[in-house]
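File shown: run.csv. Contents: CSV, C-alpha atoms and all ligand atoms.
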```csv
chain,number,residue,atom,x,y,z
A,44,MET,CA,-11.4,-10.7,29.7
A,45,ARG,CA,-9.3,-7.6,30.3
A,46,LEU,CA,-10.5,-4.0,30.5
A,47,LYS,CA,-8.6,-0.9,29.3
A,48,ILE,CA,-10.2,2.4,30.0
A,49,CYS,CA,-9.5,5.3,27.7
A,50,ASP,CA,-10.3,9.0,28.0
A,51,ASN,CA,-12.5,9.3,24.9
A,52,PRO,CA,-13.7,7.4,21.8
A,53,GLN,CA,-10.7,8.8,19.8
A,54,GLN,CA,-8.3,7.2,22.2
A,55,VAL,CA,-10.3,3.9,21.9
A,56,GLY,CA,-10.1,4.2,18.2
A,57,TYR,CA,-6.3,4.9,18.2
A,58,LEU,CA,-5.6,1.9,20.5
A,59,ALA,CA,-7.7,-0.5,18.4
A,60,ALA,CA,-6.1,0.8,15.2
A,61,ALA,CA,-2.6,0.4,16.7
A,62,ASP,CA,-3.5,-3.3,17.4
A,63,ILE,CA,-4.7,-3.8,13.8
A,64,ALA,CA,-1.5,-2.1,12.5
A,65,LEU,CA,0.7,-4.3,14.8
A,66,GLN,CA,-1.2,-7.4,13.6
A,67,LEU,CA,-0.7,-6.5,9.9
A,68,ASN,CA,2.9,-5.5,10.4
A,69,THR,CA,3.6,-8.8,12.2
A,70,LYS,CA,1.8,-10.9,9.6
A,71,LYS,CA,0.9,-9.2,6.4
A,72,ASN,CA,-1.7,-11.7,5.3
A,73,SER,CA,-3.6,-11.6,8.5
A,74,THR,CA,-7.3,-12.3,8.6
A,75,LEU,CA,-9.4,-9.6,10.4
A,76,ILE,CA,-13.0,-9.7,11.6
A,77,LEU,CA,-14.4,-6.2,11.4
A,78,PRO,CA,-17.5,-4.4,12.7
A,79,THR,CA,-19.8,-1.7,11.6
A,80,GLY,CA,-21.8,0.8,13.7
A,81,SER,CA,-20.8,4.2,15.0
A,82,THR,CA,-18.3,2.9,17.6
A,83,PRO,CA,-15.7,1.7,15.2
A,84,LEU,CA,-15.6,4.9,13.1
A,85,PRO,CA,-12.7,6.4,15.2
A,86,VAL,CA,-10.8,3.1,14.7
A,87,TYR,CA,-11.2,3.4,10.9
A,88,GLU,CA,-10.2,7.1,11.0
A,89,SER,CA,-7.0,6.2,12.9
A,90,ILE,CA,-6.0,3.3,10.8
A,91,ILE,CA,-6.5,5.3,7.6
A,92,LYS,CA,-4.2,7.9,9.0
A,93,MET,CA,-1.6,5.2,9.8
A,94,TYR,CA,-2.0,3.9,6.2
A,95,LYS,CA,-1.5,7.4,4.7
A,96,ASN,CA,1.6,7.8,6.8
A,97,GLY,CA,3.0,4.5,5.5
A,98,ASP,CA,2.8,2.8,8.9
A,99,VAL,CA,0.5,0.0,7.8
A,100,SER,CA,-0.7,-1.7,4.6
A,101,PHE,CA,-3.8,-3.8,3.9
A,102,GLY,CA,-2.1,-5.1,0.7
A,103,ASP,CA,-2.3,-8.7,1.8
A,104,ALA,CA,-4.9,-8.5,4.5
A,105,VAL,CA,-8.1,-10.5,4.3
A,106,THR,CA,-11.2,-9.2,6.0
A,107,PHE,CA,-14.5,-10.7,7.0
A,108,ASN,CA,-17.3,-8.4,8.3
A,109,LEU,CA,-19.4,-9.6,11.2
A,110,ASP,CA,-22.8,-9.1,9.6
A,111,GLU,CA,-25.1,-7.6,7.0
A,112,TYR,CA,-28.7,-6.7,6.7
A,113,ILE,CA,-31.1,-8.8,4.6
A,114,GLY,CA,-33.5,-6.9,2.3
A,115,ILE,CA,-31.7,-3.6,2.2
A,116,ALA,CA,-31.5,-1.7,-1.0
A,117,GLU,CA,-28.2,-2.2,-2.8
A,118,ASP,CA,-27.4,1.5,-2.8
A,119,HIS,CA,-28.6,2.2,0.8
A,120,ALA,CA,-25.9,4.0,2.8
A,121,GLU,CA,-26.5,1.6,5.8
A,122,ARG,CA,-25.9,-1.5,3.7
A,123,TYR,CA,-22.8,-2.7,5.6
A,124,TYR,CA,-21.0,-3.2,2.3
A,125,ASN,CA,-21.5,0.4,1.4
A,126,PHE,CA,-20.6,1.5,5.0
A,127,MET,CA,-17.3,-0.4,4.8
A,128,MET,CA,-16.4,0.9,1.4
A,129,ARG,CA,-17.1,4.5,2.5
A,130,ASN,CA,-15.4,4.4,5.9
A,131,LEU,CA,-12.4,2.1,5.3
A,132,PHE,CA,-12.0,0.0,2.2
A,133,SER,CA,-12.0,2.8,-0.4
A,134,LYS,CA,-9.3,4.6,1.6
A,135,VAL,CA,-6.7,1.9,2.1
A,136,ASP,CA,-4.9,-0.5,-0.3
A,137,ILE,CA,-7.0,-3.6,0.4
A,138,LYS,CA,-7.6,-5.9,-2.6
A,139,PRO,CA,-11.3,-6.1,-3.5
A,140,GLU,CA,-11.1,-9.9,-3.7
A,141,ASN,CA,-9.9,-10.0,0.0
A,142,ILE,CA,-13.0,-8.2,1.3
A,143,ASN,CA,-15.7,-10.5,2.6
A,144,ILE,CA,-19.1,-9.3,3.7
A,145,PRO,CA,-22.3,-11.5,3.6
A,146,ASP,CA,-24.0,-10.6,0.3
A,147,SER,CA,-27.3,-8.8,1.0
A,148,ARG,CA,-28.3,-9.2,-2.7
A,149,THR,CA,-28.6,-13.0,-2.3
A,150,ASP,CA,-32.0,-14.7,-2.8
A,151,ASP,CA,-30.8,-17.5,-0.6
A,152,PRO,CA,-29.6,-16.0,2.7
A,153,ASP,CA,-29.2,-19.5,4.4
A,154,GLY,CA,-27.0,-20.6,1.5
A,155,GLU,CA,-25.0,-17.4,1.7
A,156,CYS,CA,-24.4,-17.9,5.4
A,157,LYS,CA,-23.2,-21.4,4.8
A,158,ARG,CA,-20.8,-20.2,2.0
A,159,TYR,CA,-19.6,-17.4,4.2
A,160,GLU,CA,-18.8,-19.7,7.2
A,161,GLU,CA,-17.0,-22.2,4.9
A,162,LYS,CA,-14.9,-19.5,3.3
A,163,TYR,CA,-14.1,-18.0,6.7
A,164,ARG,CA,-13.1,-21.4,8.2
A,165,LYS,CA,-10.7,-22.0,5.3
A,166,THR,CA,-8.6,-19.1,6.6
A,167,GLY,CA,-7.9,-21.1,9.7
A,168,GLY,CA,-9.6,-18.5,11.9
A,169,ALA,CA,-9.1,-14.8,12.2
A,170,ASP,CA,-6.0,-13.4,13.8
A,171,LEU,CA,-7.9,-10.5,15.2
A,172,ALA,CA,-11.6,-9.7,15.7
A,173,VAL,CA,-12.8,-6.2,16.5
A,174,LEU,CA,-16.4,-6.0,17.8
A,175,GLY,CA,-18.9,-3.4,18.9
A,176,ILE,CA,-21.6,-4.2,21.4
A,177,GLY,CA,-25.4,-3.5,21.2
A,178,GLN,CA,-27.2,-2.0,24.1
A,179,ASN,CA,-28.8,-5.5,24.8
A,180,GLY,CA,-25.3,-7.1,24.7
A,181,HIS,CA,-25.4,-8.3,21.2
A,182,ILE,CA,-22.2,-8.9,19.2
A,183,GLY,CA,-22.5,-8.9,15.4
A,184,PHE,CA,-26.3,-9.5,15.2
A,185,ASN,CA,-26.2,-12.3,17.7
A,186,GLU,CA,-29.1,-11.2,19.9
A,187,PRO,CA,-29.7,-12.4,23.5
A,188,GLY,CA,-30.5,-16.1,23.5
A,189,THR,CA,-28.3,-17.0,20.5
A,190,PRO,CA,-26.5,-20.3,21.2
A,191,PHE,CA,-22.7,-20.0,21.8
A,192,SER,CA,-22.3,-22.9,19.4
A,193,SER,CA,-23.8,-20.8,16.5
A,194,VAL,CA,-22.0,-20.3,13.2
A,195,THR,CA,-22.9,-17.8,10.5
A,196,HIS,CA,-26.7,-17.7,10.3
A,197,VAL,CA,-29.8,-15.8,9.4
A,198,THR,CA,-31.2,-14.0,12.4
A,199,SER,CA,-34.2,-11.8,13.4
A,200,ILE,CA,-33.1,-8.4,14.7
A,201,ALA,CA,-34.4,-7.7,18.2
A,202,GLU,CA,-37.0,-5.0,18.5
A,203,SER,CA,-34.7,-3.0,20.8
A,204,THR,CA,-31.9,-3.2,18.2
A,205,VAL,CA,-34.3,-2.1,15.4
A,206,LYS,CA,-35.1,1.0,17.6
A,207,ALA,CA,-31.4,1.6,18.4
A,208,ASN,CA,-30.4,1.4,14.7
A,209,SER,CA,-33.4,3.5,13.4
A,210,ARG,CA,-31.2,6.6,13.9
A,211,PHE,CA,-29.4,5.6,10.7
A,212,PHE,CA,-32.7,5.2,8.7
A,213,ASP,CA,-35.5,7.6,7.7
A,214,ASN,CA,-37.7,5.9,10.2
A,215,GLU,CA,-38.0,2.7,12.2
A,216,ALA,CA,-40.2,0.9,9.6
A,217,GLN,CA,-37.2,1.1,7.2
A,218,VAL,CA,-34.8,-0.8,9.4
A,219,PRO,CA,-34.5,-4.4,8.1
A,220,LYS,CA,-35.8,-7.0,10.5
A,221,LYS,CA,-33.5,-9.8,9.4
A,222,ALA,CA,-29.7,-10.1,9.0
A,223,MET,CA,-26.9,-12.5,8.3
A,224,THR,CA,-24.3,-12.7,11.1
A,225,MET,CA,-21.3,-14.6,12.0
A,226,GLY,CA,-22.2,-16.9,15.0
A,227,ILE,CA,-20.8,-16.7,18.4
A,228,SER,CA,-18.5,-19.8,17.8
A,229,THR,CA,-17.3,-18.1,14.6
A,230,ILE,CA,-16.3,-15.0,16.5
A,231,LEU,CA,-14.7,-17.0,19.3
A,232,SER,CA,-12.5,-18.7,16.8
A,233,ALA,CA,-10.5,-15.5,16.4
A,234,LYS,CA,-7.1,-15.7,18.1
A,235,LYS,CA,-7.6,-12.2,19.7
A,236,ILE,CA,-10.7,-10.2,20.3
A,237,ILE,CA,-11.1,-6.5,21.0
A,238,LEU,CA,-14.6,-5.3,22.1
A,239,LEU,CA,-15.2,-1.6,21.8
A,240,ALA,CA,-17.7,0.3,24.1
A,241,THR,CA,-18.0,4.0,24.1
A,242,GLY,CA,-20.5,6.6,25.2
A,243,LYS,CA,-23.2,6.8,27.8
A,244,SER,CA,-25.6,4.6,25.8
A,245,LYS,CA,-23.2,1.6,26.5
A,246,HIS,CA,-22.9,2.3,30.2
A,247,ASP,CA,-25.6,0.0,31.5
A,248,ILE,CA,-24.6,-3.0,29.3
A,249,LEU,CA,-20.9,-2.5,29.9
A,250,ILE,CA,-21.4,-2.5,33.7
A,251,LYS,CA,-23.7,-5.6,33.4
A,252,LEU,CA,-21.1,-7.3,31.3
A,253,LEU,CA,-18.2,-6.5,33.7
A,254,GLN,CA,-20.3,-7.9,36.6
A,255,GLN,CA,-20.7,-11.3,35.0
A,256,THR,CA,-18.5,-14.1,36.3
A,257,SER,CA,-19.6,-16.7,33.8
A,258,ALA,CA,-20.7,-16.7,30.2
A,259,ASN,CA,-24.4,-16.9,29.6
A,260,GLU,CA,-26.4,-16.8,26.4
A,261,SER,CA,-28.8,-14.1,27.7
A,262,ILE,CA,-25.9,-11.6,27.3
A,263,PRO,CA,-24.1,-12.6,24.1
A,264,ALA,CA,-21.0,-10.5,24.8
A,265,THR,CA,-20.3,-12.7,27.9
A,266,ALA,CA,-19.1,-15.3,25.4
A,267,LEU,CA,-15.8,-13.4,25.6
A,268,LEU,CA,-15.3,-14.8,29.1
A,269,LEU,CA,-14.8,-18.1,27.2
A,270,HIS,CA,-11.9,-16.6,25.3
A,271,ASP,CA,-8.3,-16.4,26.6
A,272,ASP,CA,-7.3,-13.3,24.7
A,273,ALA,CA,-10.2,-10.9,24.8
A,274,VAL,CA,-10.0,-7.2,25.8
A,275,ILE,CA,-12.5,-4.5,26.2
A,276,TYR,CA,-11.5,-0.9,25.2
A,277,ALA,CA,-14.0,1.4,26.9
A,278,ASP,CA,-14.1,5.2,27.2
A,279,ARG,CA,-14.7,7.0,30.5
A,280,GLU,CA,-18.3,7.9,29.6
A,281,ALA,CA,-19.2,4.2,29.1
A,282,ILE,CA,-17.7,3.4,32.5
A,283,THR,CA,-19.2,6.3,34.5
A,284,GLY,CA,-22.4,6.8,32.6
T,301,LIG,C1,-25.3,-3.0,15.2
T,301,LIG,C2,-24.3,-4.0,14.6
T,301,LIG,C3,-23.3,-4.4,15.7
T,301,LIG,C4,-22.8,-3.2,16.4
T,301,LIG,C5,-23.9,-2.6,17.2
T,301,LIG,C6,-23.5,-1.3,17.9
T,301,LIG,O1,-26.6,-3.5,15.3
T,301,LIG,N1,-24.8,-5.2,14.1
T,301,LIG,O2,-22.2,-5.1,15.1
T,301,LIG,O3,-21.7,-3.5,17.3
T,301,LIG,O4,-25.1,-2.4,16.5
T,301,LIG,O5,-23.6,-0.2,17.1
T,301,LIG,P1,-23.1,1.2,17.5
T,301,LIG,O6,-21.6,1.1,17.5
T,301,LIG,O7,-23.6,2.2,16.5
T,301,LIG,O8,-23.6,1.5,18.9
```
What do you get writing this file as structure tokens?
Amino acid sequence: MRLKICDNPQQVGYLAAADIALQLNTKKNSTLILPTGSTPLPVYESIIKMYKNGDVSFGDAVTFNLDEYIGIAEDHAERYYNFMMRNLFSKVDIKPENINIPDSRTDDPDGECKRYEEKYRKTGGADLAVLGIGQNGHIGFNEPGTPFSSVTHVTSIAESTVKANSRFFDNEAQVPKKAMTMGISTILSAKKIILLATGKSKHDILIKLLQQTSANESIPATALLLHDDAVIYADREAITG
């Protein structure tokens, strides 16, 4: 697991966007795993600029999002489908049929997870995965204790994550308590992984992650220690606190 320290979140965003562009320019029909949250917003801003400048195309790209809430209103701004449409997909040339996000409208979340995992595995594994990290070390919605062998599954969102994500909702009670998420083994199947960590709120978990010498399920992001091409892009604030 390598570490690259950047001056600020914009530089983190630019670096990750440049990696996505390089991936898509090397192999047009690349499969990407993509995150939501506030951390990837500068990545999406940068890649949209690159697209507008003609430096990258999503014309043949296939994307799989990491996760989605269960029981969220179809038109809610925090439904990850709506988040992705608003912040990336409506602004680049990706084909709607190449966008994959677990479907929050399903009445069979377990079946939806199985379908999602099967569809993802048919791609042969992602070429590049971009991840954020939760303050408790979660990746996707894989909360502490999730087995590293996990595939896409229904999960309960940890209380601390509900609290952290309540800033995007009117109040804490409105944050869904369940989600569908790619599993840790699903994520590790990507050929290259970039984990983004920016801002003071990620300082404690980032330092804890960097101190680990072996992967352990109590800190889900330590799974990256099992991968041979994983890099952390952090900003100075996340490093210094
Ligand atoms: C959410 C998402 C994660 C994301 C994390 C951090 O719960 N499920 O995929 O990485 O929280 O979010 P943020 O970037 O807003 O700190």
Quiz prompt | Residue nearest Ala59 of chain A among A:Ser192, A:Ser89, A:Ser261, A:Ser244 (counting all atoms listed in the file) | solution =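 Of all the options, A:Ser89 lies closest to Ala59 of chain A.
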Exercise. Quick one: pull the distance between atom CA of Ala281 of chain A and atom O7 of ligand LIG 301 (chain T), Å, one decimal.
Key: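 Computing the Euclidean distance for atom CA of Ala281 of chain A and atom O7 of ligand LIG 301 (chain T) yields 13.5 Å.
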Tell me, counting only C-alpha atoms and all ligand atoms, for each residue of chain A within 7 Å of ligand LIG 301 (chain T), which pair of atoms is nearest and how far apart they are in Å to one decimal, in rows ordered by chain and increasing number, as a tab-separated table.
```
residue	atom	partner	partner_atom	distance
A:Pro78	CA	T:LIG301	O2	5.3
A:Thr79	CA	T:LIG301	O2	5.4
A:Gly80	CA	T:LIG301	O7	3.6
A:Ser81	CA	T:LIG301	O7	3.8
A:Thr82	CA	T:LIG301	O6	3.8
A:Pro83	CA	T:LIG301	O6	6.4
A:Leu109	CA	T:LIG301	O2	6.6
A:Asp110	CA	T:LIG301	N1	6.3
A:Leu174	CA	T:LIG301	O3	5.9
A:Gly175	CA	T:LIG301	O3	3.2
A:Ile176	CA	T:LIG301	O3	4.2
A:Gly177	CA	T:LIG301	C5	4.4
A:Ile182	CA	T:LIG301	O2	5.6
A:Gly183	CA	T:LIG301	O2	3.8
A:Phe184	CA	T:LIG301	N1	4.7
A:Thr204	CA	T:LIG301	O1	6.0
A:Asn208	CA	T:LIG301	O1	6.2
```
Self-check item: Atomic separation - atom CA of Ala104 of chain A relative to atom CA of Ser73 of chain A, Å
Solution: 5.2 Å
Quiz prompt | Point-to-point distance in Å for atom CA of Phe212 of chain A and atom CA of Thr195 of chain A | solution =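 A separation of 25.1 Å between them.
For Lys243 of chain A, the set of protein, DNA and RNA residues having any atom at most 9 Å away, when counting only C-alpha atoms and skipping those fewer than 6 positions along the same chain, is Arg279, Glu280, Ala281, Ile282, Thr283 and Gly284 of chain A.
Restricting the calculation to all atoms listed in the file, the smallest distance between Gln53 of chain A and any of A:Thr224, A:Thr241, A:Asn72, A:Asn143 is found for A:Thr241.
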Quiz item: Excluding same-chain residues fewer than 5 positions from Asn108 of chain A, what lies within 12 Å of it counting only C-alpha atoms, as an MDAnalysis selection string?
Solution: chainID A and resid 74:80 122:128 131:132 141:146 159:160 163 169 171:175 182:184 195 223:226 229:230
